[in-house]
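A short worksheet on the structure shown next.
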Amino acid sequence: MRHYNEMLDKVISKDDVTPANQTPAPDTPVFLVLERDPLIAEDIVGSLKDIGPCETIRVSDVGELAQRLNTDRRISAAFLEMRYAQVVESGLDRHLADHGSRIILTIGEDDQQEALARGWGMLLRPFTDQMIRDAVVGGDHG
């Protein structure tokens with residue numbers, strides 16, 4: 001388990017390559033993690049940073065997510081603790097597509113067929129670092 005300073009900003013972690021008020025370099029991947037459990041969020045973020053330099057945006061609820069997406073940032077991939085229907089009904093799928101994002105659901109095993117049919121990823125729990133890497137590049141780990 002990776003340990004982070006408790007005082008870190010809830011949305012952008014201190015270790016990010018680019019400060020929150022600056023645009024990341026064009027080739028720096030930006031990963032969004034929507035997860036209520038801070039330990040799981042830290043594991044996902046840590047695994048992403050182990051892949052290579054990146055920026056991570058951590059949010060714990062959909063309201064925070066909407067605020068973060070109101071920027072012009074491109075999002076490489078979004079790890080969402082949401083069911084398929086929640087993503088579609090909220091319009092989040094369209095909004096993330098506008099940001100160039102690959103959607104990866106982290107809950108909703110029953111939604112796997114629908115998600116994969118849309119080209120989304122599934123990261124079912126419990127997951128490993130390798131499963132996170134594969135999800136980012138389009139591997140199926142459901």
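Chain labels run A, B, ... following the order of the structure tokens; each chain numbers its residues from 1, and ligands are numbered from 1 in the order shown.
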12 Å contact set for segment 87-91 of chain A, only C-alpha atoms, chain neighbours under 2 positions out, as JSON, numbers by chain
{"A": [34, 62, 63, 65, 66, 78, 79, 80, 81, 82, 83, 84, 85, 93, 94, 95, 96, 97, 98, 103, 104, 105, 106, 107, 108, 111, 114, 115, 118, 120]}
Restrict the calculation to only C-alpha atoms, then for each residue of segment 44-109 of chain A with any atom at most 9 Å from an atom of segment 125-140 of chain A give the closest atom pair and their distance in Å to one decimal, rows by chain and rising residue number, as JSON lines.
{"residue": "A:Ile44", "atom": "CA", "partner": "A:Ile132", "partner_atom": "CA", "distance": 7.3}
{"residue": "A:Gly46", "atom": "CA", "partner": "A:Asp129", "partner_atom": "CA", "distance": 8.9}
{"residue": "A:Ser47", "atom": "CA", "partner": "A:Asp129", "partner_atom": "CA", "distance": 5.5}
{"residue": "A:Leu48", "atom": "CA", "partner": "A:Arg133", "partner_atom": "CA", "distance": 7.3}
{"residue": "A:Asp50", "atom": "CA", "partner": "A:Asp129", "partner_atom": "CA", "distance": 8.7}
{"residue": "A:Ile51", "atom": "CA", "partner": "A:Arg133", "partner_atom": "CA", "distance": 7.1}
{"residue": "A:Ser76", "atom": "CA", "partner": "A:Val136", "partner_atom": "CA", "distance": 8.4}
{"residue": "A:Ala77", "atom": "CA", "partner": "A:Val136", "partner_atom": "CA", "distance": 6.6}
{"residue": "A:Arg102", "atom": "CA", "partner": "A:Val136", "partner_atom": "CA", "distance": 7.7}
{"residue": "A:Ile104", "atom": "CA", "partner": "A:Ala135", "partner_atom": "CA", "distance": 7.0}
{"residue": "A:Thr106", "atom": "CA", "partner": "A:Arg125", "partner_atom": "CA", "distance": 7.1}
{"residue": "A:Ile107", "atom": "CA", "partner": "A:Arg125", "partner_atom": "CA", "distance": 7.5}
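Counting from atom CA of Pro29 of chain A, the distance to atom CA of Ala117 of chain A is 24.4 Å.
Looking only at segment 62-138 of chain A, the set that DSSP places in strand (DSSP E or B) from backbone geometry is Ala77, Ala78, Phe79, Leu80, Arg102, Ile103, Ile104, Leu105, Gly121, Met122 and Leu123 of chain A.
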Include N, CA and C atoms and write out the residues we just selected as a PDB file, in the first residue's frame.
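Saved to out-v4.pdb:
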ATOM      1  N   ALA A  77      -7.308   8.888 -19.531  1.00  0.00           N
ATOM      2  CA  ALA A  77      -8.193   7.814 -19.076  1.00  0.00           C
ATOM      3  C   ALA A  77      -8.851   8.239 -17.774  1.00  0.00           C
ATOM      4  N   ALA A  78     -10.082   7.800 -17.597  1.00  0.00           N
ATOM      5  CA  ALA A  78     -10.838   8.100 -16.382  1.00  0.00           C
ATOM      6  C   ALA A  78     -11.237   6.793 -15.718  1.00  0.00           C
ATOM      7  N   PHE A  79     -10.768   6.583 -14.504  1.00  0.00           N
ATOM      8  CA  PHE A  79     -11.127   5.418 -13.695  1.00  0.00           C
ATOM      9  C   PHE A  79     -12.319   5.823 -12.838  1.00  0.00           C
ATOM     10  N   LEU A  80     -13.475   5.227 -13.105  1.00  0.00           N
ATOM     11  CA  LEU A  80     -14.716   5.671 -12.473  1.00  0.00           C
ATOM     12  C   LEU A  80     -15.331   4.602 -11.590  1.00  0.00           C
ATOM     13  N   ARG A 102     -10.399   7.698 -22.250  1.00  0.00           N
ATOM     14  CA  ARG A 102     -10.798   6.292 -22.212  1.00  0.00           C
ATOM     15  C   ARG A 102     -11.495   6.081 -20.874  1.00  0.00           C
ATOM     16  N   ILE A 103     -12.692   5.553 -20.887  1.00  0.00           N
ATOM     17  CA  ILE A 103     -13.448   5.300 -19.666  1.00  0.00           C
ATOM     18  C   ILE A 103     -13.139   3.896 -19.168  1.00  0.00           C
ATOM     19  N   ILE A 104     -12.831   3.804 -17.883  1.00  0.00           N
ATOM     20  CA  ILE A 104     -12.555   2.522 -17.242  1.00  0.00           C
ATOM     21  C   ILE A 104     -13.412   2.443 -15.984  1.00  0.00           C
ATOM     22  N   LEU A 105     -14.377   1.550 -15.978  1.00  0.00           N
ATOM     23  CA  LEU A 105     -15.241   1.385 -14.807  1.00  0.00           C
ATOM     24  C   LEU A 105     -14.549   0.491 -13.789  1.00  0.00           C
ATOM     25  N   GLY A 121     -13.152   0.278 -20.669  1.00  0.00           N
ATOM     26  CA  GLY A 121     -12.450  -0.745 -19.923  1.00  0.00           C
ATOM     27  C   GLY A 121     -13.189  -1.098 -18.647  1.00  0.00           C
ATOM     28  N   MET A 122     -12.852  -2.264 -18.109  1.00  0.00           N
ATOM     29  CA  MET A 122     -13.378  -2.706 -16.813  1.00  0.00           C
ATOM     30  C   MET A 122     -12.192  -3.091 -15.942  1.00  0.00           C
ATOM     31  N   LEU A 123     -12.177  -2.588 -14.741  1.00  0.00           N
ATOM     32  CA  LEU A 123     -11.147  -2.934 -13.772  1.00  0.00           C
ATOM     33  C   LEU A 123     -11.877  -3.446 -12.538  1.00  0.00           C
TER      34      LEU A 123
END
